[in-house]
Amino acid sequence: MEIIVGKTAGFCYGVKRAVEGATQIANHTKNTVYCLGEIVHNRQVIEKLENLGIQFIQTIEEANETVIIRAHGVPKKIYSQAKDRKIKVCDYTCPKVLKVQEIAKNYSEKGFFIFLLGDREHPENIATISHCGKDYYILEKEEDIIEAVNVFENTNKKKLLLLSQTTYHLEKFNKIEKKIQQILKRDVEFVIKNTICRATALRQEETEDISKKVEQMIIIGGKNSSNTKKLYEIAKRNCENTILVETIEELKGRCFFNKIGIMAGASTPKDSIESVIYFLNLENRKKEGGN
């Protein structure tokens, strides 16, 4: 069995910073530490932090003394609410996400209507739109373009900004950008900001490459992770035998091919990747009659 592991698989900088920061806070704080929402979309990471005493909450009203802001960021009102409640904020919003928020804020103040590509219910985008004013539209897919453009046209604004969730699909971003330019009916100032994180783009590019070379792909990561699901979609397009798993329990009882590619999302810890590799090597030894 040949196993090809993506070089970019696993934690990106923003996730690593958030998880390490939360771990340090939990280890050095006597009182309960709260985290507003899942710090990253990975169940194994969440369980480890829960074992350190961190409590994951859904509203700032549930917090006391210390609250961690997750890597995805939170709406701007949360900061003022925390201040009013005299709660210490440990902000681990990914710097790339903060950059998207800054761009949205600056262009909104300049009178731009904002198209934001991404999942409407994703916490990163919920945080970003809090900086967009009232003139914005979230596009999840190509089918949303016509409605989005119609909404923009009805505002009579002459400035339009396109930006995206940091974990959006690069190929989809490029397609939507071109279609918007084709559909726009009047002369407007159209500014395009590709805010897809480079780490995300690199993982997508490597997944594309590996999935074309193997008989089977295993994508490791949270089922609710946006960037992980996009890696699965890319791999599945090139390799029909593609599966998405969170732990090795989902691999037990499966048949494996001779050439397997492994890729993991940006919120997938190193030990999850290593456990899958170990499991596959063990299965290969059993297949060959070894111990």
# chains A, B, ... in the order shown; residues from 1 in each chain; ligands from 1
>>> select_by_dssp(residues="segment 150-275 of chain A", states="helix (DSSP H, G or I)", output="compact mmCIF listing (two decimals) with C-alpha atoms, in the first residue's frame")
# COMPACT_ATOMS: atom_id res chain seq x y z
CA ASN A 150 -31.14 42.42 -8.53
CA VAL A 151 -30.94 43.43 -4.87
CA PHE A 152 -27.88 45.53 -5.64
CA GLU A 153 -29.53 47.16 -8.68
CA ASN A 154 -32.54 48.18 -6.61
CA THR A 155 -30.35 50.16 -4.23
CA LEU A 170 -11.28 29.27 -5.00
CA GLU A 171 -12.64 27.90 -8.28
CA LYS A 172 -16.19 28.92 -7.33
CA PHE A 173 -14.97 32.40 -6.37
CA ASN A 174 -13.45 32.89 -9.82
CA LYS A 175 -16.58 31.63 -11.61
CA ILE A 176 -18.93 33.85 -9.60
CA GLU A 177 -16.71 36.88 -10.09
CA LYS A 178 -16.85 36.48 -13.87
CA LYS A 179 -20.61 35.90 -13.95
CA ILE A 180 -21.30 38.96 -11.83
CA GLN A 181 -19.33 41.10 -14.28
CA GLN A 182 -21.32 39.63 -17.16
CA ILE A 183 -24.69 40.27 -15.50
CA ARG A 198 -3.72 31.30 1.26
CA ALA A 199 -3.57 28.31 3.59
CA THR A 200 -7.04 27.31 2.39
CA ALA A 201 -6.09 27.78 -1.26
CA LEU A 202 -2.92 25.69 -0.84
CA ARG A 203 -4.87 22.82 0.74
CA GLN A 204 -7.39 22.93 -2.08
CA GLU A 205 -4.64 22.94 -4.72
CA GLU A 206 -2.80 20.04 -3.08
CA THR A 207 -6.02 18.05 -2.70
CA GLU A 208 -6.73 18.60 -6.40
CA ASP A 209 -3.26 17.32 -7.28
CA ILE A 210 -3.20 14.27 -5.01
CA SER A 211 -6.75 13.16 -5.84
CA SER A 226 -16.42 24.37 5.93
CA ASN A 227 -12.84 24.06 4.68
CA THR A 228 -12.80 20.28 5.23
CA LYS A 229 -16.04 19.77 3.31
CA LYS A 230 -14.61 21.74 0.39
CA LEU A 231 -11.55 19.46 0.33
CA TYR A 232 -13.91 16.49 0.18
CA GLU A 233 -15.83 18.04 -2.74
CA ILE A 234 -12.59 18.67 -4.66
CA ALA A 235 -11.25 15.17 -4.03
CA LYS A 236 -14.58 13.50 -4.88
CA ARG A 237 -14.63 15.26 -8.24
CA ASN A 238 -11.34 13.61 -9.23
CA ILE A 248 -10.46 5.95 12.61
CA GLU A 249 -13.70 4.41 13.90
CA GLU A 250 -15.24 5.38 10.56
CA LYS A 270 -1.95 16.29 13.95
CA ASP A 271 -2.80 13.26 16.10
CA SER A 272 -5.99 12.64 14.07
CA ILE A 273 -3.89 12.46 10.89
CA GLU A 274 -1.26 10.25 12.51
CA SER A 275 -3.88 7.85 13.87
>>> residues_around(residues="Ala82 of chain A", least_positions_apart="2", cutoff="12 Å", atoms="only C-alpha atoms", output="ChimeraX atom specification")
/A:36,59-69,74-80,84-91
>>> write_last_selection(atoms="N, CA and C atoms", output="short mmCIF file (atom, residue, chain, number, x, y, z; two decimals), in the first residue's frame")
data_model
loop_
_atom_site.label_atom_id
_atom_site.label_comp_id
_atom_site.auth_asym_id
_atom_site.auth_seq_id
_atom_site.Cartn_x
_atom_site.Cartn_y
_atom_site.Cartn_z
N LEU A 36 -16.94 31.33 23.44
CA LEU A 36 -18.19 31.65 22.76
C LEU A 36 -18.25 30.94 21.41
N THR A 59 -24.08 32.15 24.06
CA THR A 59 -24.35 33.58 24.22
C THR A 59 -23.41 34.18 25.25
N ILE A 60 -23.09 35.44 25.12
CA ILE A 60 -22.19 36.12 26.05
C ILE A 60 -22.80 36.21 27.45
N GLU A 61 -24.12 36.14 27.53
CA GLU A 61 -24.80 36.19 28.83
C GLU A 61 -24.47 34.99 29.71
N GLU A 62 -23.99 33.92 29.09
CA GLU A 62 -23.65 32.71 29.85
C GLU A 62 -22.25 32.78 30.47
N ALA A 63 -21.47 33.80 30.09
CA ALA A 63 -20.08 33.89 30.52
C ALA A 63 -19.90 34.69 31.81
N ASN A 64 -18.83 34.35 32.51
CA ASN A 64 -18.40 35.10 33.69
C ASN A 64 -16.88 35.23 33.64
N GLU A 65 -16.38 36.39 34.01
CA GLU A 65 -14.95 36.65 34.19
C GLU A 65 -14.12 36.58 32.91
N THR A 66 -14.00 35.40 32.28
CA THR A 66 -13.13 35.26 31.12
C THR A 66 -13.84 34.54 29.98
N VAL A 67 -13.78 35.13 28.78
CA VAL A 67 -14.37 34.48 27.61
C VAL A 67 -13.38 34.50 26.46
N ILE A 68 -13.29 33.39 25.75
CA ILE A 68 -12.42 33.26 24.59
C ILE A 68 -13.25 33.49 23.33
N ILE A 69 -12.70 34.29 22.43
CA ILE A 69 -13.32 34.49 21.13
C ILE A 69 -12.69 33.51 20.15
N VAL A 74 -16.51 36.92 16.06
CA VAL A 74 -17.88 37.12 16.54
C VAL A 74 -18.37 38.49 16.06
N PRO A 75 -19.68 38.71 16.03
CA PRO A 75 -20.20 40.04 15.66
C PRO A 75 -19.65 41.11 16.59
N LYS A 76 -19.47 42.31 16.06
CA LYS A 76 -18.81 43.38 16.83
C LYS A 76 -19.54 43.76 18.11
N LYS A 77 -20.85 43.54 18.15
CA LYS A 77 -21.61 43.89 19.36
C LYS A 77 -21.17 43.08 20.58
N ILE A 78 -20.59 41.92 20.34
CA ILE A 78 -20.17 41.05 21.44
C ILE A 78 -19.13 41.74 22.31
N TYR A 79 -18.24 42.52 21.69
CA TYR A 79 -17.18 43.17 22.45
C TYR A 79 -17.74 44.21 23.43
N SER A 80 -18.73 44.96 22.96
CA SER A 80 -19.33 45.97 23.84
C SER A 80 -20.16 45.30 24.94
N ASP A 84 -19.56 45.72 28.96
CA ASP A 84 -20.63 46.11 29.87
C ASP A 84 -20.75 45.14 31.04
N ARG A 85 -20.45 43.87 30.77
CA ARG A 85 -20.56 42.84 31.81
C ARG A 85 -19.24 42.64 32.57
N LYS A 86 -18.24 43.47 32.21
CA LYS A 86 -16.92 43.41 32.86
C LYS A 86 -16.29 42.02 32.72
N ILE A 87 -16.41 41.48 31.51
CA ILE A 87 -15.84 40.18 31.20
C ILE A 87 -14.54 40.37 30.43
N LYS A 88 -13.50 39.67 30.85
CA LYS A 88 -12.21 39.73 30.16
C LYS A 88 -12.32 38.96 28.85
N VAL A 89 -11.93 39.59 27.75
CA VAL A 89 -11.99 38.95 26.44
C VAL A 89 -10.61 38.53 25.98
N CYS A 90 -10.46 37.25 25.67
CA CYS A 90 -9.23 36.72 25.08
C CYS A 90 -9.54 36.44 23.61
N ASP A 91 -9.12 37.33 22.75
CA ASP A 91 -9.54 37.29 21.35
C ASP A 91 -8.59 36.48 20.48
#
>>> residues_around(residues="segment 184-197 of chain A", least_positions_apart="2", cutoff="7 Å", atoms="only C-alpha atoms", output="list of chain:residue names")
A:Lys96, A:Val100, A:Val149, A:Lys158, A:Lys159, A:Leu160, A:Leu161, A:Leu162, A:Leu163, A:Ser164, A:Gln165, A:Thr166, A:Thr167, A:Tyr168, A:Ile180, A:Gln181, A:Gln182, A:Ala199, A:Thr200, A:Ala201
>>> select_by_dssp(residues="segment 116-273 of chain A", states="strand (DSSP E)", output="number ranges by chain")
A: 116-117, 136-139, 159-164, 189-192, 216-220, 242-245, 259-264
>>> residues_around(residues="Val97 of chain A", least_positions_apart="2", cutoff="8 Å", atoms="only C-alpha atoms", output="ChimeraX atom specification")
/A:71-73,93-95,99-101,124,166
>>> residues_around(residues="segment 11-28 of chain A", least_positions_apart="2", cutoff="7 Å", atoms="only C-alpha atoms", output="number ranges by chain")
A: 30, 33, 40, 49, 52-54, 70-71, 92, 94-95, 199, 266-269
>>> atom_distance(atom1="atom CA of Ile218 of chain A", atom2="atom CA of Gly261 of chain A")
6.2 Å
>>> atom_distance(atom1="atom CA of Asn51 of chain A", atom2="atom CA of Cys35 of chain A")
13.4 Å
>>> closest_residue(among="A:Glu102, A:Ile260, A:Ile138, A:Asn42", to="Leu116 of chain A", atoms="only C-alpha atoms")
A:Ile138
>>> atom_distance(atom1="atom CA of Asp135 of chain A", atom2="atom CA of Ile114 of chain A")
6.4 Å
